[in-house]
Amino acid sequence: IINKLNLPYLAADLLYLEGVNMKKQLFYPADILLPKENFEKWSVIACDQYTSEPEYWKETAEAVGDSPSALKIVLPEAYLSGDDSEKIAKINQTMGEYLQNGVFACFENTMIYTRRALKNGKVRHGIVGLIDLEDYSYQKGADTLIRATEQTVIERIPPRVAIRRDASVEIPHVMLLIDDTERTVIEPISEKADTLNKVYDFDLLQNAGHITGFALGEKEIKYVQSALSALAEKSGDGLLFAVGDGNHSLASAKECYNSGCGSRYAMVEVVNIHDLSLEFEPIYRVVFGADESLVEDFVRFCGEDGGEGAQRFTCICGEKIKEISVKPNGALPVATLQSFLDKYLTDRDMKIDYVHGIENTKKLCKTKNAVGFLFEGMGKSELFTAVQKDGSLPRKTFSMGCAD
């Protein structure tokens, strides 16, 4: 969390004053706020998860109880409605109360190295700090330093902008990926973590693993900045950061900044795409208000194809499972499916949801009039090449790791 009122704006903004002979950095330290206690109850999953499973959020609320928590200063998209103004006002009020009541400890002008133990036993490494939104665009085909990897679902931005516009703290879930094959940025920090100041070490809520955080000193911060600058110089077209998760949170931050009501900087976690723990998983589709005719129309739209170049889908209609093969209408199966659904759902009384995990998809498809699509995802080694060549991928193309 960053206290938006206490960001080190001055040091960063000085970089742009005429006559100041100072090299612009690509990644900045921040005044980072951490809760003083009950870390586990703060560790709430991103707001765009479990959007069709309100029971997950109910369980989380029961686990949090009356304690201060991230749950009370985010708006889970499972609860979005036509008018969320009262919820948003309550969120912003709670942020102010947390600041006034001394809930947080402030770690000034730092970055944090994170070491996360996943449920499968693997460990993911990252560094939390600030990026300059001037370096970022979510427009397809952008040539900026920081680029979106997926097309933006525009309707998901306004609620986040509404919260961020008057927020006194930022609580993001943005992960930026770097293509660091030689492991020059994060891994050297990881090797010396035990010499750093440990600032948290706890189990994540809802059986989501364990995380440890270490505050970086001035020497380590300068090393990270230098290593990122060297990595950027190797990039063929200037791409350093690809948004791995939190595309819509970062897009909302950019919209606030563009409209003059938000910070120029946003907090992110930087992770090496070559981290051994990082696994790409497809994000599946479930269409509510549909039946088996949706599958038939999809096959007709694309054309049936049983050849080697066909794209294959597992379609779930209640308890029925049907395997289909169609002619590609995009490089990835998700692109073929999404291009069809975008046209098909226009003017139809149906709702689409983007679901993490095969079992969660099957569970949702057991409801009446719901059809789910499972398909093969992309490999992580394809990401940077795809973004450089084609711009952003279809929205909600992949997630990194299991749904929890």
# chains A, B, ... in the order shown; residues from 1 in each chain; ligands from 1
>>> select_by_dssp(residues="stretch 152-282 of chain A", states="alpha helix (DSSP H)", output="ChimeraX atom specification")
/A:157-165,187-191,218-234,247-258
>>> select_by_dssp(residues="stretch 211-274 of chain A", states="strand (DSSP E or B)", output="list of chain:residue names")
A:Ile211, A:Thr212, A:Gly213, A:Phe214, A:Ala215, A:Phe241, A:Ala242, A:Val243, A:Gly244, A:Asp245, A:Tyr265, A:Ala266, A:Met267, A:Val268, A:Glu269, A:Val270, A:Val271, A:Asn272
>>> residues_around(residues="A:Arg165", least_positions_apart="4", cutoff="9 Å", atoms="only C-alpha atoms", output="list of chain:residue names")
A:Arg160, A:Val161, A:Ala253, A:Cys256, A:Cys261, A:Gly262
>>> write_last_selection(atoms="all heavy atoms", output="mmCIF file, in the first residue's frame")
data_model
loop_
_atom_site.group_PDB
_atom_site.id
_atom_site.type_symbol
_atom_site.label_atom_id
_atom_site.label_comp_id
_atom_site.auth_asym_id
_atom_site.auth_seq_id
_atom_site.Cartn_x
_atom_site.Cartn_y
_atom_site.Cartn_z
ATOM 1 N N ARG A 160 -13.198 1.219 -10.727
ATOM 2 C CA ARG A 160 -11.864 1.360 -10.133
ATOM 3 C C ARG A 160 -11.408 2.813 -10.168
ATOM 4 O O ARG A 160 -10.766 3.284 -9.232
ATOM 5 C CB ARG A 160 -10.877 0.466 -10.880
ATOM 6 C CG ARG A 160 -11.277 -0.999 -10.860
ATOM 7 C CD ARG A 160 -10.189 -1.868 -11.427
ATOM 8 N NE ARG A 160 -10.661 -3.231 -11.663
ATOM 9 C CZ ARG A 160 -9.883 -4.280 -11.732
ATOM 10 N NH1 ARG A 160 -8.589 -4.136 -11.551
ATOM 11 N NH2 ARG A 160 -10.376 -5.484 -11.966
ATOM 12 N N VAL A 161 -11.729 3.511 -11.259
ATOM 13 C CA VAL A 161 -11.414 4.932 -11.336
ATOM 14 C C VAL A 161 -12.171 5.697 -10.253
ATOM 15 O O VAL A 161 -11.620 6.591 -9.602
ATOM 16 C CB VAL A 161 -11.760 5.490 -12.733
ATOM 17 C CG1 VAL A 161 -11.688 7.013 -12.741
ATOM 18 C CG2 VAL A 161 -10.820 4.916 -13.781
ATOM 19 N N ALA A 253 -5.370 3.478 -13.148
ATOM 20 C CA ALA A 253 -4.413 4.459 -12.643
ATOM 21 C C ALA A 253 -4.053 5.469 -13.732
ATOM 22 O O ALA A 253 -3.963 6.669 -13.496
ATOM 23 C CB ALA A 253 -3.161 3.753 -12.137
ATOM 24 N N CYS A 256 -6.952 7.916 -14.307
ATOM 25 C CA CYS A 256 -6.999 8.941 -13.249
ATOM 26 C C CYS A 256 -5.922 9.996 -13.472
ATOM 27 O O CYS A 256 -6.168 11.198 -13.355
ATOM 28 C CB CYS A 256 -6.814 8.280 -11.878
ATOM 29 S SG CYS A 256 -8.298 7.519 -11.222
ATOM 30 N N CYS A 261 -6.712 13.688 -11.752
ATOM 31 C CA CYS A 261 -7.195 13.418 -10.384
ATOM 32 C C CYS A 261 -6.426 12.283 -9.719
ATOM 33 O O CYS A 261 -6.874 11.732 -8.715
ATOM 34 C CB CYS A 261 -8.690 13.082 -10.412
ATOM 35 S SG CYS A 261 -9.077 11.565 -11.304
ATOM 36 N N GLY A 262 -5.278 11.924 -10.268
ATOM 37 C CA GLY A 262 -4.540 10.808 -9.680
ATOM 38 C C GLY A 262 -3.049 11.001 -9.768
ATOM 39 O O GLY A 262 -2.534 11.866 -10.486
#
>>> closest_residue(among="A:Phe373, A:Tyr28, A:Phe398, A:Tyr284", to="A:Leu130", atoms="only C-alpha atoms")
A:Tyr28
>>> atom_distance(atom1="atom CA of A:Tyr113", atom2="atom CA of A:Pro172")
16.0 Å
>>> residues_around(residues="A:Ala227", least_positions_apart="3", cutoff="7 Å", atoms="only C-alpha atoms", output="PyMOL selection string")
chain A and resi 184-185+223-224+230-231
>>> atom_distance(atom1="atom CA of A:Phe340", atom2="atom CA of A:Tyr136")
29.5 Å
>>> residues_around(residues="A:Gln311", least_positions_apart="2", cutoff="12 Å", atoms="only C-alpha atoms", output="number ranges by chain")
A: 299, 302-309, 313-314, 323-337, 374-377
>>> write_last_selection(atoms="N, CA and C atoms", output="CSV table (one decimal), in the first residue's frame")
chain,number,residue,atom,x,y,z
A,299,VAL,N,-19.3,-23.4,-33.8
A,299,VAL,CA,-18.7,-24.3,-34.8
A,299,VAL,C,-19.1,-23.8,-36.2
A,302,CYS,N,-17.0,-20.6,-37.1
A,302,CYS,CA,-15.6,-20.8,-37.4
A,302,CYS,C,-15.4,-21.8,-38.6
A,303,GLY,N,-16.3,-22.8,-38.6
A,303,GLY,CA,-16.1,-23.9,-39.5
A,303,GLY,C,-15.4,-25.1,-38.8
A,304,GLU,N,-16.0,-26.2,-39.0
A,304,GLU,CA,-15.5,-27.4,-38.3
A,304,GLU,C,-14.2,-27.9,-39.0
A,305,ASP,N,-13.2,-28.3,-38.2
A,305,ASP,CA,-11.9,-28.7,-38.8
A,305,ASP,C,-11.3,-29.7,-37.9
A,306,GLY,N,-11.0,-30.9,-38.5
A,306,GLY,CA,-10.3,-32.0,-37.7
A,306,GLY,C,-8.9,-32.1,-38.0
A,307,GLY,N,-8.3,-31.2,-38.8
A,307,GLY,CA,-6.9,-31.3,-39.2
A,307,GLY,C,-5.9,-30.9,-38.1
A,308,GLU,N,-4.6,-31.0,-38.5
A,308,GLU,CA,-3.5,-30.7,-37.5
A,308,GLU,C,-3.6,-29.2,-37.1
A,309,GLY,N,-4.0,-28.3,-37.9
A,309,GLY,CA,-4.0,-26.9,-37.6
A,309,GLY,C,-5.2,-26.4,-36.8
A,313,PHE,N,-11.6,-27.3,-28.4
A,313,PHE,CA,-12.2,-26.7,-27.2
A,313,PHE,C,-13.0,-27.8,-26.6
A,314,THR,N,-13.1,-27.8,-25.2
A,314,THR,CA,-14.0,-28.6,-24.5
A,314,THR,C,-15.1,-27.8,-24.0
A,323,GLU,N,-16.5,-32.2,-27.1
A,323,GLU,CA,-15.2,-31.8,-27.7
A,323,GLU,C,-15.5,-31.3,-29.1
A,324,ILE,N,-14.9,-30.2,-29.5
A,324,ILE,CA,-15.1,-29.6,-30.8
A,324,ILE,C,-13.7,-29.2,-31.4
A,325,SER,N,-13.6,-29.2,-32.7
A,325,SER,CA,-12.4,-28.7,-33.4
A,325,SER,C,-12.9,-27.7,-34.5
A,326,VAL,N,-12.3,-26.5,-34.5
A,326,VAL,CA,-12.7,-25.5,-35.4
A,326,VAL,C,-11.5,-24.9,-36.1
A,327,LYS,N,-11.8,-24.2,-37.3
A,327,LYS,CA,-10.7,-23.5,-38.0
A,327,LYS,C,-10.3,-22.3,-37.2
A,328,PRO,N,-9.0,-22.0,-37.1
A,328,PRO,CA,-8.5,-20.9,-36.4
A,328,PRO,C,-9.0,-19.6,-36.9
A,329,ASN,N,-9.4,-18.7,-36.0
A,329,ASN,CA,-9.7,-17.3,-36.4
A,329,ASN,C,-8.8,-16.3,-35.7
A,330,GLY,N,-7.7,-16.9,-35.2
A,330,GLY,CA,-6.7,-16.1,-34.4
A,330,GLY,C,-5.6,-17.0,-34.1
A,331,ALA,N,-4.4,-16.4,-33.7
A,331,ALA,CA,-3.3,-17.3,-33.4
A,331,ALA,C,-3.5,-18.2,-32.2
A,332,LEU,N,-4.3,-17.7,-31.3
A,332,LEU,CA,-4.5,-18.5,-30.0
A,332,LEU,C,-6.0,-18.9,-30.0
A,333,PRO,N,-6.3,-20.1,-29.4
A,333,PRO,CA,-7.7,-20.5,-29.3
A,333,PRO,C,-8.6,-19.4,-28.6
A,334,VAL,N,-8.0,-18.8,-27.6
A,334,VAL,CA,-8.8,-17.7,-26.9
A,334,VAL,C,-9.2,-16.6,-27.8
A,335,ALA,N,-8.3,-16.3,-28.8
A,335,ALA,CA,-8.6,-15.2,-29.8
A,335,ALA,C,-9.8,-15.6,-30.7
A,336,THR,N,-9.7,-16.9,-31.1
A,336,THR,CA,-10.8,-17.4,-32.0
A,336,THR,C,-12.1,-17.4,-31.2
A,337,LEU,N,-12.2,-17.8,-30.0
A,337,LEU,CA,-13.4,-17.9,-29.2
A,337,LEU,C,-13.9,-16.5,-28.9
A,374,LEU,N,-13.3,-24.6,-22.3
A,374,LEU,CA,-11.9,-24.9,-21.9
A,374,LEU,C,-11.1,-25.0,-23.1
A,375,PHE,N,-9.8,-24.5,-23.1
A,375,PHE,CA,-9.0,-24.6,-24.2
A,375,PHE,C,-7.5,-24.5,-23.8
A,376,GLU,N,-6.6,-24.8,-24.7
A,376,GLU,CA,-5.2,-24.7,-24.4
A,376,GLU,C,-4.7,-23.3,-24.4
A,377,GLY,N,-3.8,-23.0,-23.4
A,377,GLY,CA,-3.3,-21.6,-23.3
A,377,GLY,C,-2.0,-21.4,-24.0
>>> residues_around(residues="stretch 198-212 of chain A", least_positions_apart="3", cutoff="9 Å", atoms="only C-alpha atoms", output="PDB file with N, CA, C and O atoms, in the first residue's frame")
ATOM      1  N   LEU A  34       2.592  -0.549   5.610  1.00  0.00           N
ATOM      2  CA  LEU A  34       2.280  -1.935   5.954  1.00  0.00           C
ATOM      3  C   LEU A  34       1.471  -1.936   7.244  1.00  0.00           C
ATOM      4  O   LEU A  34       1.707  -1.118   8.140  1.00  0.00           O
ATOM      5  N   PHE A  39      -1.392  -9.436   9.621  1.00  0.00           N
ATOM      6  CA  PHE A  39      -1.072  -9.432   8.191  1.00  0.00           C
ATOM      7  C   PHE A  39      -1.961 -10.380   7.400  1.00  0.00           C
ATOM      8  O   PHE A  39      -2.402 -10.064   6.298  1.00  0.00           O
ATOM      9  N   GLU A  40      -2.213 -11.564   7.955  1.00  0.00           N
ATOM     10  CA  GLU A  40      -2.980 -12.558   7.195  1.00  0.00           C
ATOM     11  C   GLU A  40      -4.354 -12.021   6.801  1.00  0.00           C
ATOM     12  O   GLU A  40      -4.833 -12.256   5.689  1.00  0.00           O
ATOM     13  N   LYS A  41      -4.990 -11.269   7.701  1.00  0.00           N
ATOM     14  CA  LYS A  41      -6.323 -10.752   7.405  1.00  0.00           C
ATOM     15  C   LYS A  41      -6.290  -9.619   6.376  1.00  0.00           C
ATOM     16  O   LYS A  41      -7.325  -9.216   5.857  1.00  0.00           O
ATOM     17  N   TRP A  42      -5.106  -9.107   6.089  1.00  0.00           N
ATOM     18  CA  TRP A  42      -4.968  -8.087   5.050  1.00  0.00           C
ATOM     19  C   TRP A  42      -4.799  -8.698   3.669  1.00  0.00           C
ATOM     20  O   TRP A  42      -5.023  -8.037   2.658  1.00  0.00           O
ATOM     21  N   SER A  43      -4.404  -9.960   3.593  1.00  0.00           N
ATOM     22  CA  SER A  43      -3.962 -10.551   2.319  1.00  0.00           C
ATOM     23  C   SER A  43      -5.145 -11.070   1.512  1.00  0.00           C
ATOM     24  O   SER A  43      -5.364 -12.264   1.388  1.00  0.00           O
ATOM     25  N   VAL A  44      -5.894 -10.143   0.941  1.00  0.00           N
ATOM     26  CA  VAL A  44      -7.121 -10.478   0.204  1.00  0.00           C
ATOM     27  C   VAL A  44      -6.824 -10.557  -1.290  1.00  0.00           C
ATOM     28  O   VAL A  44      -6.074  -9.756  -1.837  1.00  0.00           O
ATOM     29  N   ILE A  45      -7.424 -11.523  -1.948  1.00  0.00           N
ATOM     30  CA  ILE A  45      -7.195 -11.746  -3.371  1.00  0.00           C
ATOM     31  C   ILE A  45      -7.702 -10.552  -4.191  1.00  0.00           C
ATOM     32  O   ILE A  45      -8.494  -9.741  -3.713  1.00  0.00           O
ATOM     33  N   GLU A  59     -16.926 -16.052   2.595  1.00  0.00           N
ATOM     34  CA  GLU A  59     -15.976 -16.769   3.462  1.00  0.00           C
ATOM     35  C   GLU A  59     -14.829 -15.855   3.880  1.00  0.00           C
ATOM     36  O   GLU A  59     -14.376 -15.887   5.032  1.00  0.00           O
ATOM     37  N   THR A  60     -14.366 -15.033   2.947  1.00  0.00           N
ATOM     38  CA  THR A  60     -13.284 -14.098   3.259  1.00  0.00           C
ATOM     39  C   THR A  60     -13.730 -13.091   4.310  1.00  0.00           C
ATOM     40  O   THR A  60     -12.999 -12.789   5.255  1.00  0.00           O
ATOM     41  N   ALA A  63     -13.723 -14.653   7.658  1.00  0.00           N
ATOM     42  CA  ALA A  63     -12.368 -14.833   8.173  1.00  0.00           C
ATOM     43  C   ALA A  63     -11.785 -13.518   8.688  1.00  0.00           C
ATOM     44  O   ALA A  63     -11.063 -13.488   9.687  1.00  0.00           O
ATOM     45  N   ILE A 112      10.481  -3.235  -1.824  1.00  0.00           N
ATOM     46  CA  ILE A 112      10.386  -4.458  -1.024  1.00  0.00           C
ATOM     47  C   ILE A 112      10.585  -5.680  -1.914  1.00  0.00           C
ATOM     48  O   ILE A 112       9.924  -5.808  -2.958  1.00  0.00           O
ATOM     49  N   TYR A 113      11.521  -6.516  -1.517  1.00  0.00           N
ATOM     50  CA  TYR A 113      11.712  -7.800  -2.193  1.00  0.00           C
ATOM     51  C   TYR A 113      10.742  -8.805  -1.573  1.00  0.00           C
ATOM     52  O   TYR A 113      10.689  -8.964  -0.358  1.00  0.00           O
ATOM     53  N   THR A 114       9.945  -9.470  -2.415  1.00  0.00           N
ATOM     54  CA  THR A 114       8.959 -10.434  -1.926  1.00  0.00           C
ATOM     55  C   THR A 114       9.373 -11.846  -2.311  1.00  0.00           C
ATOM     56  O   THR A 114       9.839 -12.102  -3.422  1.00  0.00           O
ATOM     57  N   ARG A 115       9.185 -12.757  -1.374  1.00  0.00           N
ATOM     58  CA  ARG A 115       9.463 -14.179  -1.597  1.00  0.00           C
ATOM     59  C   ARG A 115       8.191 -14.941  -1.237  1.00  0.00           C
ATOM     60  O   ARG A 115       7.832 -15.048  -0.060  1.00  0.00           O
ATOM     61  N   ARG A 116       7.491 -15.433  -2.263  1.00  0.00           N
ATOM     62  CA  ARG A 116       6.192 -16.048  -2.052  1.00  0.00           C
ATOM     63  C   ARG A 116       6.242 -17.552  -2.288  1.00  0.00           C
ATOM     64  O   ARG A 116       6.588 -18.015  -3.378  1.00  0.00           O
ATOM     65  N   ALA A 117       5.903 -18.322  -1.258  1.00  0.00           N
ATOM     66  CA  ALA A 117       5.815 -19.778  -1.361  1.00  0.00           C
ATOM     67  C   ALA A 117       4.412 -20.147  -1.818  1.00  0.00           C
ATOM     68  O   ALA A 117       3.427 -19.858  -1.126  1.00  0.00           O
ATOM     69  N   LEU A 118       4.311 -20.758  -2.983  1.00  0.00           N
ATOM     70  CA  LEU A 118       3.020 -21.131  -3.541  1.00  0.00           C
ATOM     71  C   LEU A 118       2.549 -22.464  -2.975  1.00  0.00           C
ATOM     72  O   LEU A 118       3.312 -23.217  -2.381  1.00  0.00           O
ATOM     73  N   LYS A 119       1.284 -22.772  -3.207  1.00  0.00           N
ATOM     74  CA  LYS A 119       0.716 -24.007  -2.669  1.00  0.00           C
ATOM     75  C   LYS A 119       1.368 -25.247  -3.266  1.00  0.00           C
ATOM     76  O   LYS A 119       1.371 -26.307  -2.653  1.00  0.00           O
ATOM     77  N   ASN A 120       1.922 -25.118  -4.467  1.00  0.00           N
ATOM     78  CA  ASN A 120       2.558 -26.272  -5.104  1.00  0.00           C
ATOM     79  C   ASN A 120       4.012 -26.461  -4.670  1.00  0.00           C
ATOM     80  O   ASN A 120       4.717 -27.329  -5.193  1.00  0.00           O
ATOM     81  N   GLY A 121       4.456 -25.625  -3.724  1.00  0.00           N
ATOM     82  CA  GLY A 121       5.800 -25.756  -3.194  1.00  0.00           C
ATOM     83  C   GLY A 121       6.842 -24.888  -3.874  1.00  0.00           C
ATOM     84  O   GLY A 121       7.951 -24.732  -3.362  1.00  0.00           O
ATOM     85  N   ALA A 193      18.958 -11.838   0.487  1.00  0.00           N
ATOM     86  CA  ALA A 193      17.763 -11.428   1.241  1.00  0.00           C
ATOM     87  C   ALA A 193      17.964 -11.516   2.751  1.00  0.00           C
ATOM     88  O   ALA A 193      17.461 -10.668   3.497  1.00  0.00           O
ATOM     89  N   ASP A 194      18.688 -12.504   3.206  1.00  0.00           N
ATOM     90  CA  ASP A 194      18.840 -12.691   4.651  1.00  0.00           C
ATOM     91  C   ASP A 194      19.654 -11.581   5.311  1.00  0.00           C
ATOM     92  O   ASP A 194      19.685 -11.486   6.546  1.00  0.00           O
ATOM     93  N   THR A 195      20.290 -10.739   4.510  1.00  0.00           N
ATOM     94  CA  THR A 195      21.014  -9.593   5.076  1.00  0.00           C
ATOM     95  C   THR A 195      20.147  -8.342   5.115  1.00  0.00           C
ATOM     96  O   THR A 195      20.579  -7.310   5.629  1.00  0.00           O
ATOM     97  N   ALA A 215      12.713  -5.181   3.138  1.00  0.00           N
ATOM     98  CA  ALA A 215      12.900  -3.808   2.659  1.00  0.00           C
ATOM     99  C   ALA A 215      14.312  -3.636   2.111  1.00  0.00           C
ATOM    100  O   ALA A 215      15.292  -4.060   2.738  1.00  0.00           O
ATOM    101  N   ASP A 404      -6.307 -19.614  -6.581  1.00  0.00           N
ATOM    102  CA  ASP A 404      -6.230 -19.106  -5.198  1.00  0.00           C
ATOM    103  C   ASP A 404      -5.083 -18.128  -4.977  1.00  0.00           C
ATOM    104  O   ASP A 404      -4.992 -17.533  -3.923  1.00  0.00           O
TER     105      ASP A 404
END
>>> residues_around(residues="A:Gln93", least_positions_apart="3", cutoff="12 Å", atoms="only C-alpha atoms", output="PyMOL selection string")
chain A and resi 72-74+86-90+96-100+163+166-169
>>> write_last_selection(atoms="all heavy atoms", output="compact mmCIF listing (two decimals), in the first residue's frame")
# COMPACT_ATOMS: atom_id res chain seq x y z
N LYS A 72 -11.85 -4.30 3.13
CA LYS A 72 -12.73 -3.16 3.42
C LYS A 72 -12.34 -1.90 2.64
O LYS A 72 -13.02 -0.88 2.75
CB LYS A 72 -12.74 -2.91 4.93
CG LYS A 72 -13.32 -4.12 5.67
CD LYS A 72 -13.19 -4.02 7.18
CE LYS A 72 -13.72 -5.30 7.83
NZ LYS A 72 -13.56 -5.29 9.29
N ILE A 73 -11.25 -1.99 1.88
CA ILE A 73 -10.87 -0.83 1.07
C ILE A 73 -10.70 -1.22 -0.40
O ILE A 73 -10.00 -0.54 -1.17
CB ILE A 73 -9.61 -0.13 1.61
CG1 ILE A 73 -8.45 -1.10 1.81
CG2 ILE A 73 -9.93 0.58 2.91
CD1 ILE A 73 -7.15 -0.41 2.26
N VAL A 74 -11.32 -2.33 -0.80
CA VAL A 74 -11.46 -2.70 -2.21
C VAL A 74 -12.92 -3.01 -2.47
O VAL A 74 -13.70 -3.23 -1.54
CB VAL A 74 -10.59 -3.92 -2.60
CG1 VAL A 74 -9.12 -3.63 -2.39
CG2 VAL A 74 -11.03 -5.16 -1.85
N GLU A 86 -22.38 4.54 -2.84
CA GLU A 86 -22.34 4.40 -1.38
C GLU A 86 -21.20 3.48 -0.95
O GLU A 86 -20.51 3.76 0.04
CB GLU A 86 -23.68 3.88 -0.85
CG GLU A 86 -24.82 4.89 -0.95
CD GLU A 86 -26.08 4.39 -0.25
OE1 GLU A 86 -26.00 3.38 0.49
OE2 GLU A 86 -27.13 5.01 -0.44
N LYS A 87 -21.01 2.39 -1.69
CA LYS A 87 -19.91 1.47 -1.36
C LYS A 87 -18.57 2.18 -1.51
O LYS A 87 -17.68 2.03 -0.66
CB LYS A 87 -19.95 0.24 -2.28
CG LYS A 87 -21.21 -0.60 -2.17
CD LYS A 87 -21.21 -1.68 -3.23
CE LYS A 87 -22.57 -2.38 -3.31
NZ LYS A 87 -22.63 -3.32 -4.46
N ILE A 88 -18.41 2.94 -2.58
CA ILE A 88 -17.16 3.63 -2.83
C ILE A 88 -16.91 4.70 -1.78
O ILE A 88 -15.77 4.86 -1.29
CB ILE A 88 -17.15 4.23 -4.25
CG1 ILE A 88 -17.12 3.09 -5.29
CG2 ILE A 88 -15.97 5.18 -4.45
CD1 ILE A 88 -17.34 3.54 -6.71
N ALA A 89 -17.94 5.42 -1.39
CA ALA A 89 -17.79 6.43 -0.34
C ALA A 89 -17.35 5.79 0.97
O ALA A 89 -16.50 6.32 1.70
CB ALA A 89 -19.12 7.18 -0.15
N LYS A 90 -17.90 4.61 1.27
CA LYS A 90 -17.52 3.89 2.49
C LYS A 90 -16.07 3.43 2.42
O LYS A 90 -15.33 3.50 3.41
CB LYS A 90 -18.45 2.69 2.68
CG LYS A 90 -18.13 1.83 3.90
CD LYS A 90 -18.27 2.61 5.20
CE LYS A 90 -18.04 1.70 6.40
NZ LYS A 90 -18.07 2.46 7.68
N GLY A 96 -9.38 6.64 5.07
CA GLY A 96 -9.02 7.79 5.91
C GLY A 96 -8.96 7.41 7.38
O GLY A 96 -8.06 7.86 8.10
N GLU A 97 -9.89 6.58 7.82
CA GLU A 97 -9.89 6.15 9.22
C GLU A 97 -8.66 5.32 9.55
O GLU A 97 -8.07 5.46 10.63
CB GLU A 97 -11.17 5.35 9.51
CG GLU A 97 -12.43 6.20 9.48
CD GLU A 97 -13.70 5.36 9.58
OE1 GLU A 97 -13.60 4.11 9.54
OE2 GLU A 97 -14.80 5.95 9.68
N TYR A 98 -8.28 4.45 8.62
CA TYR A 98 -7.08 3.64 8.86
C TYR A 98 -5.84 4.52 9.01
O TYR A 98 -4.97 4.26 9.86
CB TYR A 98 -6.87 2.66 7.70
CG TYR A 98 -7.82 1.47 7.69
CD1 TYR A 98 -7.82 0.58 6.62
CD2 TYR A 98 -8.71 1.24 8.75
CE1 TYR A 98 -8.68 -0.51 6.59
CE2 TYR A 98 -9.57 0.16 8.72
CZ TYR A 98 -9.56 -0.72 7.64
OH TYR A 98 -10.41 -1.80 7.62
N LEU A 99 -5.74 5.56 8.19
CA LEU A 99 -4.60 6.47 8.27
C LEU A 99 -4.61 7.25 9.59
O LEU A 99 -3.60 7.39 10.27
CB LEU A 99 -4.60 7.44 7.10
CG LEU A 99 -4.24 6.86 5.73
CD1 LEU A 99 -4.51 7.89 4.64
CD2 LEU A 99 -2.80 6.41 5.68
N GLN A 100 -5.78 7.74 9.97
CA GLN A 100 -5.91 8.55 11.18
C GLN A 100 -5.68 7.72 12.44
O GLN A 100 -5.16 8.22 13.45
CB GLN A 100 -7.29 9.20 11.23
CG GLN A 100 -7.52 10.23 10.14
CD GLN A 100 -8.97 10.69 10.08
OE1 GLN A 100 -9.78 10.37 10.95
NE2 GLN A 100 -9.30 11.45 9.04
N ILE A 163 -13.10 4.71 -7.34
CA ILE A 163 -12.46 4.50 -6.04
C ILE A 163 -11.15 5.27 -5.96
O ILE A 163 -10.87 5.97 -4.99
CB ILE A 163 -12.22 3.00 -5.79
CG1 ILE A 163 -13.55 2.26 -5.64
CG2 ILE A 163 -11.38 2.79 -4.53
CD1 ILE A 163 -13.40 0.75 -5.54
N ASP A 166 -10.66 9.51 -5.36
CA ASP A 166 -10.66 10.17 -4.05
C ASP A 166 -9.95 9.34 -2.98
O ASP A 166 -10.11 9.61 -1.79
CB ASP A 166 -12.10 10.45 -3.61
CG ASP A 166 -12.83 11.39 -4.56
OD1 ASP A 166 -12.21 12.39 -4.97
OD2 ASP A 166 -13.99 11.11 -4.91
N ALA A 167 -9.18 8.34 -3.41
CA ALA A 167 -8.54 7.46 -2.44
C ALA A 167 -7.33 8.11 -1.80
O ALA A 167 -6.59 8.85 -2.45
CB ALA A 167 -8.12 6.16 -3.13
N SER A 168 -7.12 7.84 -0.52
CA SER A 168 -5.94 8.34 0.18
C SER A 168 -4.83 7.30 0.24
O SER A 168 -3.69 7.63 0.59
CB SER A 168 -6.31 8.78 1.60
OG SER A 168 -7.01 7.76 2.27
N VAL A 169 -5.14 6.06 -0.09
CA VAL A 169 -4.10 5.04 -0.23
C VAL A 169 -4.34 4.27 -1.52
O VAL A 169 -5.47 4.19 -2.01
CB VAL A 169 -4.05 4.04 0.96
CG1 VAL A 169 -3.75 4.74 2.26
CG2 VAL A 169 -5.34 3.24 1.06
>>> atom_distance(atom1="atom CA of A:Arg164", atom2="atom CA of A:Asp48")
15.6 Å
>>> closest_residue(among="A:Lys351, A:Leu341, A:Phe280, A:Ser293", to="A:Ser399", atoms="only C-alpha atoms")
A:Phe280
>>> decode(residues="stretch 197-204 of chain A", atoms="N, CA and C atoms", output="compact mmCIF listing (two decimals), in the first residue's frame")
# COMPACT_ATOMS: atom_id res chain seq x y z
N ASN A 197 16.35 -6.15 5.82
CA ASN A 197 15.39 -5.97 6.91
C ASN A 197 14.08 -6.69 6.57
N LYS A 198 13.77 -7.76 7.29
CA LYS A 198 12.52 -8.49 7.06
C LYS A 198 11.36 -7.69 7.65
N VAL A 199 10.35 -7.38 6.81
CA VAL A 199 9.25 -6.53 7.26
C VAL A 199 7.92 -7.28 7.36
N TYR A 200 7.83 -8.46 6.78
CA TYR A 200 6.66 -9.33 7.02
C TYR A 200 7.00 -10.77 6.67
N ASP A 201 6.24 -11.69 7.27
CA ASP A 201 6.48 -13.13 7.09
C ASP A 201 5.24 -13.84 7.62
N PHE A 202 4.32 -14.27 6.71
CA PHE A 202 3.04 -14.78 7.20
C PHE A 202 2.34 -15.64 6.16
N ASP A 203 1.34 -16.40 6.62
CA ASP A 203 0.50 -17.20 5.73
C ASP A 203 -0.56 -16.32 5.10
N LEU A 204 -0.82 -16.54 3.82
CA LEU A 204 -1.84 -15.80 3.11
C LEU A 204 -3.22 -16.37 3.39
